[in-house]
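Student: Got a structure here, written out as structure tokens. Questions coming.
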Amino acid sequence: MSFLIVNHRFNIFFGKHRGILVDTLKEFHIWLETDVCDLLKRNIDKRVDFENLTQVEQKCMNYFLREKVLMLSEKLPKQDDISANSALRNSNNAIIILDKLHDFEKTLGQLNEVLIFDLEIRIPKLVTPKDLKKIKELLFKYEFNTVDLIMKYDNAEDIKAIFSRSTFYLNFYIATHTRFEDYRHSKLSIRSIPFAFDMIKSCGKVNKSFFNCSQLFINDARNHNSCLKGKITIDIDGTIKNCPSMPQSFGNIKDTKLQETIKSKDFKKYWNTSKDQIAVCKDCEFRYICTDCRAYREDPNDVYSKPLKCGYSPYTNKWKEWSANPLKQKAIAHFGMQDLVQNREV
């Protein structure tokens with residue numbers, strides 16, 4: 001009898017009642033119902049005698065074998081083989097909440113020193129065309145994978161003209177009174193968001209559209225926090241944080257070197273808090289393709305509490321509007337989100 005193993009292209013994750021099959025090459029997932037999960041749990045990484053399976057079970061197994069989700073092997077993969085497929089993503093990323101462009105130039109230099117390749121810039125004040133040109137000048141001095149810009153501006157055409165030839169992915173989220181159709185061309189995308197969008201408290205929402213089915217993300221999420229690991233935040237006054245929505249600070253960019261900050265054990269306190277440690281999430285089939293939030297939690301006094309802005313239950317397998325849940329109202333009040341919830345801005 002041969003061992004039944006999972007093809008390294010796929011991941012199978014089990015929740016409380018059902019599971020998901022993740023195709024990391026095409027980066028999508030499908031649900032697996034309870035009876036299929038039970039069958040796979042009993043047989044994966046074990047020697048399988050197909051004659052002892054029912055006709056329905058054999059049919060199910062043959063389907064997975066035919067689609068190359070599962071494979072038969074004379075031996076189980078060695079730990080070295082598994083480790084070779086478990087490379088972690090370069091997850092260093094930064095959030096800058098920007099007021100003065102002069103400070104921005106100095107901050108970019110320090111971020112470059114600590115190898116930040118993914119950057120999010122939030123600008124609460126109204127941006128001018130002159131500001132846009134200066135931002136382009138400063139950004140294009142460095143190499144990035146992706147830069148997201150959240151700002152208040154009224155003319156998407158200006159952005160198209162100024163940033164049309166970016167060498168890295170540029171995603172603009174424009175807070176405006178006048179909504180417009182999403183724009184995407186080459187490496188530039190522009191979409192409108194509500195003008196009253198809160199650039200701090202709007203963090204931490206858990207949504208199906210944010211799922212990440214890449215193998216690198218999954219490898220990271222199994223062992224680390226999918227939001228906080230590798231993150232650096234520079235607040236509007238230069239304060240250095242791990243997360244913009246968390247109170248802990250670690251000096252100021254004006255007199256503190258980021259290279260020293262990221263070596264601090266306290267700065268990395270939550271980096272290894274994976275979903276397997278978090279209430280409810282540890283029972284969820286989506287835990288390794290989903291983001292997390294330790295800033296806004298259902299129980300503000302418990303760092304291992306479920307993310308406040310998640311409306312999914314692995315016990316019912318249903319999504320509901322999280323802000324309407326009566327059990328979350330105390331936490332919503334604690335974090336001062338009542339107006340944002342009422343205006344549907346979180």
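Chain identifiers are assigned as A, B, and so on, following the order in which chains appear in the structure tokens; residues are numbered from 1 within each chain, and ligands are numbered from 1 in order of appearance.
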Would you pick out the contacts of segment 310-320 of chain A at 10 Å or less, using only C-alpha atoms, so that residues sharing its chain but fewer than 5 positions from it are not included, and give the list as a list in words?
Tutor: Gly15, Lys16, His17, Arg18, Gly19, Gly204, Lys205, Val206, Asn207, Lys208, Val280, Cys281, Lys282, Asp283, Cys284, Glu285, Phe286, Asp292, Cys293, Arg297, Glu298 and Asn325 of chain A
Student: Just want the 8 Å neighbourhood of Asp99 of chain A, counted on only C-alpha atoms, with same-chain residues fewer than 2 positions away dropped. Output as a ChimeraX atom specification.
Tutor: /A:97,101,103,123-125,236-237
Student: Need to verify the contact set: Phe50 of chain A, 12 Å, only C-alpha atoms, exclusion of same-chain residues closer than 2 positions in sequence. Can you return it as a tab-separated table (two decimals) with N, CA, C and O atoms, in the first residue's frame?
Tutor:
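Wrote it out as out16.tsv, contents follow:
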```tsv
chain	number	residue	atom	x	y	z
A	1	MET	N	0.84	-1.21	0.00
A	1	MET	CA	0.00	0.00	0.00
A	1	MET	C	0.87	1.25	0.00
A	1	MET	O	1.91	1.29	0.65
A	2	SER	N	0.45	2.27	-0.72
A	2	SER	CA	1.21	3.51	-0.83
A	2	SER	C	0.66	4.56	0.13
A	2	SER	O	-0.49	4.50	0.59
A	3	PHE	N	1.54	5.54	0.43
A	3	PHE	CA	1.10	6.68	1.23
A	3	PHE	C	0.33	7.66	0.35
A	3	PHE	O	0.65	7.86	-0.83
A	4	LEU	N	-0.69	8.27	0.92
A	4	LEU	CA	-1.46	9.30	0.23
A	4	LEU	C	-0.95	10.66	0.70
A	4	LEU	O	-1.04	10.99	1.89
A	39	LEU	N	-12.90	12.31	5.42
A	39	LEU	CA	-12.21	11.31	4.60
A	39	LEU	C	-10.72	11.66	4.45
A	39	LEU	O	-9.85	10.78	4.61
A	43	ASN	N	-6.97	9.80	5.97
A	43	ASN	CA	-6.11	9.12	5.01
A	43	ASN	C	-4.85	9.84	4.57
A	43	ASN	O	-3.89	9.20	4.11
A	46	LYS	N	-1.03	8.73	5.24
A	46	LYS	CA	-1.14	7.36	5.74
A	46	LYS	C	-1.17	6.40	4.56
A	46	LYS	O	-1.48	6.78	3.43
A	47	ARG	N	-0.83	5.13	4.84
A	47	ARG	CA	-0.97	4.11	3.81
A	47	ARG	C	-2.45	3.81	3.61
A	47	ARG	O	-3.18	3.57	4.58
A	48	VAL	N	-2.90	3.83	2.37
A	48	VAL	CA	-4.33	3.72	2.09
A	48	VAL	C	-4.64	2.42	1.35
A	48	VAL	O	-4.03	2.11	0.32
A	52	ASN	N	-10.76	-0.88	1.25
A	52	ASN	CA	-11.50	-0.67	2.50
A	52	ASN	C	-12.34	0.61	2.48
A	52	ASN	O	-13.03	0.91	3.44
A	53	LEU	N	-12.25	1.35	1.39
A	53	LEU	CA	-13.06	2.55	1.25
A	53	LEU	C	-14.40	2.22	0.60
A	53	LEU	O	-14.50	1.28	-0.19
A	54	THR	N	-15.41	3.00	0.92
A	54	THR	CA	-16.70	2.81	0.28
A	54	THR	C	-16.60	3.25	-1.18
A	54	THR	O	-15.64	3.92	-1.58
A	55	GLN	N	-17.58	2.92	-1.95
A	55	GLN	CA	-17.58	3.29	-3.37
A	55	GLN	C	-17.56	4.81	-3.54
A	55	GLN	O	-16.85	5.34	-4.41
A	56	VAL	N	-18.33	5.50	-2.70
A	56	VAL	CA	-18.36	6.97	-2.77
A	56	VAL	C	-17.00	7.55	-2.38
A	56	VAL	O	-16.50	8.49	-3.02
A	57	GLU	N	-16.37	6.97	-1.35
A	57	GLU	CA	-15.06	7.45	-0.92
A	57	GLU	C	-14.00	7.20	-1.99
A	57	GLU	O	-13.14	8.05	-2.23
A	58	GLN	N	-14.06	6.05	-2.63
A	58	GLN	CA	-13.13	5.75	-3.71
A	58	GLN	C	-13.28	6.74	-4.86
A	58	GLN	O	-12.29	7.22	-5.43
A	59	LYS	N	-14.51	7.06	-5.17
A	59	LYS	CA	-14.79	8.01	-6.25
A	59	LYS	C	-14.20	9.39	-5.92
A	59	LYS	O	-13.62	10.06	-6.78
A	60	CYS	N	-14.36	9.78	-4.67
A	60	CYS	CA	-13.83	11.08	-4.22
A	60	CYS	C	-12.30	11.08	-4.29
A	60	CYS	O	-11.69	12.02	-4.81
A	61	MET	N	-11.68	10.01	-3.80
A	61	MET	CA	-10.22	9.91	-3.83
A	61	MET	C	-9.69	9.89	-5.26
A	61	MET	O	-8.68	10.54	-5.57
A	62	ASN	N	-10.35	9.18	-6.11
A	62	ASN	CA	-9.92	9.10	-7.51
A	62	ASN	C	-9.99	10.46	-8.19
A	62	ASN	O	-9.16	10.80	-9.04
A	72	LEU	N	0.09	9.37	-4.81
A	72	LEU	CA	0.50	8.16	-4.09
A	72	LEU	C	2.02	8.09	-4.10
A	72	LEU	O	2.67	8.35	-5.12
```
Student: Using only C-alpha atoms, which residues sit within 12 Å of Gln248 of chain A once same-chain residues fewer than 2 positions away are excluded, as a ChimeraX atom specification?
Tutor: /A:233,235,239-246,250-251,266-270,295
Student: Would you mind exporting C-alpha atoms of the selected residues as a CSV table (one decimal), in the first residue's frame?
Tutor:
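Now in result18.csv:
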```csv
chain,number,residue,atom,x,y,z
A,233,THR,CA,4.9,52.5,11.0
A,235,ASP,CA,3.2,58.3,12.6
A,239,THR,CA,6.6,58.3,16.1
A,240,ILE,CA,7.8,54.8,15.3
A,241,LYS,CA,5.3,52.0,15.9
A,242,ASN,CA,4.7,48.4,14.7
A,243,CYS,CA,1.1,49.2,13.9
A,244,PRO,CA,-0.5,52.7,13.4
A,245,SER,CA,-3.6,51.6,15.4
A,246,MET,CA,-1.7,50.3,18.4
A,250,PHE,CA,9.5,53.0,20.0
A,251,GLY,CA,11.0,56.4,19.7
A,266,ASP,CA,9.5,44.6,22.3
A,267,PHE,CA,9.0,45.9,18.8
A,268,LYS,CA,8.7,42.2,17.6
A,269,LYS,CA,6.4,41.2,20.5
A,270,TYR,CA,3.5,40.1,18.3
A,295,ALA,CA,-5.1,46.4,17.4
```
Student: Would you give me, as CSV, each residue of segment 66-151 of chain A having an atom within 10 Å of an atom of segment 171-176 of chain A, along with its shortest atom pair and that distance in Å to one decimal, using only C-alpha atoms and sorting by chain and residue number?
Tutor:
```
residue,atom,partner,partner_atom,distance
A:Glu120,CA,A:Asn171,CA,9.2
A:Ile121,CA,A:Phe172,CA,9.6
A:Arg122,CA,A:Tyr173,CA,9.4
A:Pro124,CA,A:Ala175,CA,9.4
A:Leu126,CA,A:Ala175,CA,9.3
A:Thr146,CA,A:Asn171,CA,7.7
A:Val147,CA,A:Asn171,CA,6.3
A:Asp148,CA,A:Asn171,CA,4.7
A:Leu149,CA,A:Phe172,CA,4.8
A:Ile150,CA,A:Tyr173,CA,4.7
A:Met151,CA,A:Ile174,CA,5.3
```
Student: Output the selection as a PDB file, in the first residue's frame - N, CA, C and O atoms for each residue.
Tutor:
```pdb
ATOM      1  N   GLU A 120       3.086  51.764   2.278  1.00  0.00           N
ATOM      2  CA  GLU A 120       1.762  52.391   2.264  1.00  0.00           C
ATOM      3  C   GLU A 120       1.898  53.796   2.826  1.00  0.00           C
ATOM      4  O   GLU A 120       2.439  53.987   3.914  1.00  0.00           O
ATOM      5  N   ILE A 121       1.422  54.787   2.075  1.00  0.00           N
ATOM      6  CA  ILE A 121       1.519  56.182   2.483  1.00  0.00           C
ATOM      7  C   ILE A 121       0.108  56.722   2.699  1.00  0.00           C
ATOM      8  O   ILE A 121      -0.738  56.647   1.805  1.00  0.00           O
ATOM      9  N   ARG A 122      -0.142  57.257   3.888  1.00  0.00           N
ATOM     10  CA  ARG A 122      -1.453  57.843   4.196  1.00  0.00           C
ATOM     11  C   ARG A 122      -1.264  59.342   4.423  1.00  0.00           C
ATOM     12  O   ARG A 122      -0.444  59.748   5.250  1.00  0.00           O
ATOM     13  N   PRO A 124      -3.426  62.528   5.460  1.00  0.00           N
ATOM     14  CA  PRO A 124      -4.745  63.012   5.921  1.00  0.00           C
ATOM     15  C   PRO A 124      -5.152  64.359   5.328  1.00  0.00           C
ATOM     16  O   PRO A 124      -6.330  64.630   5.145  1.00  0.00           O
ATOM     17  N   LEU A 126      -5.431  67.601   2.524  1.00  0.00           N
ATOM     18  CA  LEU A 126      -5.734  67.696   1.096  1.00  0.00           C
ATOM     19  C   LEU A 126      -4.435  67.885   0.318  1.00  0.00           C
ATOM     20  O   LEU A 126      -3.620  68.751   0.621  1.00  0.00           O
ATOM     21  N   THR A 146       5.664  47.454  -4.358  1.00  0.00           N
ATOM     22  CA  THR A 146       4.336  48.073  -4.406  1.00  0.00           C
ATOM     23  C   THR A 146       4.300  49.278  -3.478  1.00  0.00           C
ATOM     24  O   THR A 146       4.841  49.240  -2.375  1.00  0.00           O
ATOM     25  N   VAL A 147       3.652  50.342  -3.925  1.00  0.00           N
ATOM     26  CA  VAL A 147       3.387  51.501  -3.074  1.00  0.00           C
ATOM     27  C   VAL A 147       1.892  51.801  -3.143  1.00  0.00           C
ATOM     28  O   VAL A 147       1.339  51.979  -4.228  1.00  0.00           O
ATOM     29  N   ASP A 148       1.240  51.822  -1.973  1.00  0.00           N
ATOM     30  CA  ASP A 148      -0.164  52.215  -1.876  1.00  0.00           C
ATOM     31  C   ASP A 148      -0.221  53.626  -1.302  1.00  0.00           C
ATOM     32  O   ASP A 148       0.452  53.922  -0.310  1.00  0.00           O
ATOM     33  N   LEU A 149      -1.009  54.497  -1.917  1.00  0.00           N
ATOM     34  CA  LEU A 149      -1.164  55.868  -1.426  1.00  0.00           C
ATOM     35  C   LEU A 149      -2.632  56.140  -1.136  1.00  0.00           C
ATOM     36  O   LEU A 149      -3.490  55.988  -2.013  1.00  0.00           O
ATOM     37  N   ILE A 150      -2.907  56.535   0.096  1.00  0.00           N
ATOM     38  CA  ILE A 150      -4.264  56.893   0.519  1.00  0.00           C
ATOM     39  C   ILE A 150      -4.257  58.392   0.793  1.00  0.00           C
ATOM     40  O   ILE A 150      -3.519  58.875   1.657  1.00  0.00           O
ATOM     41  N   MET A 151      -5.045  59.148   0.042  1.00  0.00           N
ATOM     42  CA  MET A 151      -4.968  60.609   0.149  1.00  0.00           C
ATOM     43  C   MET A 151      -6.285  61.270  -0.248  1.00  0.00           C
ATOM     44  O   MET A 151      -7.160  60.639  -0.857  1.00  0.00           O
TER      45      MET A 151
END
```
Student: Hey, which of A:Tyr304, A:Leu76, A:Lys254, A:Ala156 ends up closest to His102 of chain A? Count only C-alpha atoms.
Tutor: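 For His102 of chain A, the nearest of the candidates is A:Lys254.
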Student: Which distance in Å separates atom CA of Leu111 of chain A and atom CA of Ile135 of chain A, to one decimal?
Tutor: 15.3 Å
Student: As a ChimeraX atom specification, please: every residue in segment 121-203 of chain A that a backbone DSSP assignment puts in strand (DSSP E).
Tutor: /A:121-126,146-152,169-176,183-185,188-194
Student: Would you please work out which residue, of A:Ala221, A:Leu340, A:Leu119, A:Ile20, is nearest to Ile200 of chain A when using only C-alpha atoms?
Tutor: A:Leu340
Student: Rounded to one decimal in Å, what is the spacing between atom CA of Asn112 of chain A and atom CA of Tyr142 of chain A?
Tutor: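 Those two atoms sit 7.4 Å apart.
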Student: Neighbours of segment 224-232 of chain A within 6 Å (only C-alpha atoms; same-chain residues fewer than 2 positions away dropped), as a list in words?
Tutor: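 What passes the distance filter is Ser91, Asn92, Asn93, Ala94, Asp220, Ala221, Asn242, Trp271, Asn272, Thr273, Ser274, Thr291 and Asp292 of chain A.
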Student: Those residues you just picked out, can you put them in a file as an mmCIF file, in the first residue's frame with C-alpha atoms?
Tutor:
```cif
data_model
loop_
_atom_site.group_PDB
_atom_site.id
_atom_site.type_symbol
_atom_site.label_atom_id
_atom_site.label_comp_id
_atom_site.auth_asym_id
_atom_site.auth_seq_id
_atom_site.Cartn_x
_atom_site.Cartn_y
_atom_site.Cartn_z
ATOM 1 C CA SER A 91 7.434 40.667 4.458
ATOM 2 C CA ASN A 92 9.193 43.905 5.420
ATOM 3 C CA ASN A 93 6.651 46.649 4.829
ATOM 4 C CA ALA A 94 5.994 50.131 6.132
ATOM 5 C CA ASP A 220 4.348 33.087 6.842
ATOM 6 C CA ALA A 221 0.843 32.867 8.328
ATOM 7 C CA ASN A 242 4.742 48.423 14.747
ATOM 8 C CA TRP A 271 5.329 39.035 15.202
ATOM 9 C CA ASN A 272 5.050 35.331 16.057
ATOM 10 C CA THR A 273 1.415 35.440 17.198
ATOM 11 C CA SER A 274 -0.153 33.201 14.553
ATOM 12 C CA THR A 291 -5.048 38.691 7.555
ATOM 13 C CA ASP A 292 -5.174 39.502 11.270
#
```
Student: Rounded to one decimal place, report the atom CA of Asp158 of chain A-atom CA of Phe117 of chain A distance in Å.
Tutor: 25.2 Å
Student: Identify which of the residues A:Lys26, A:Thr107, A:Asn7, A:Phe210 lies closest to Ser73 of chain A, counting only C-alpha atoms when measuring atom-to-atom distances.
Tutor: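 So, comparing all the options, the nearest one is A:Asn7.
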Student: From the options A:Asp154, A:Glu51, A:Asp276, A:Asp45, which residue's atoms come nearest to Asn223 of chain A, counting only C-alpha atoms?
Tutor: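 Distance minimum relative to Asn223 of chain A lands on A:Asp276.
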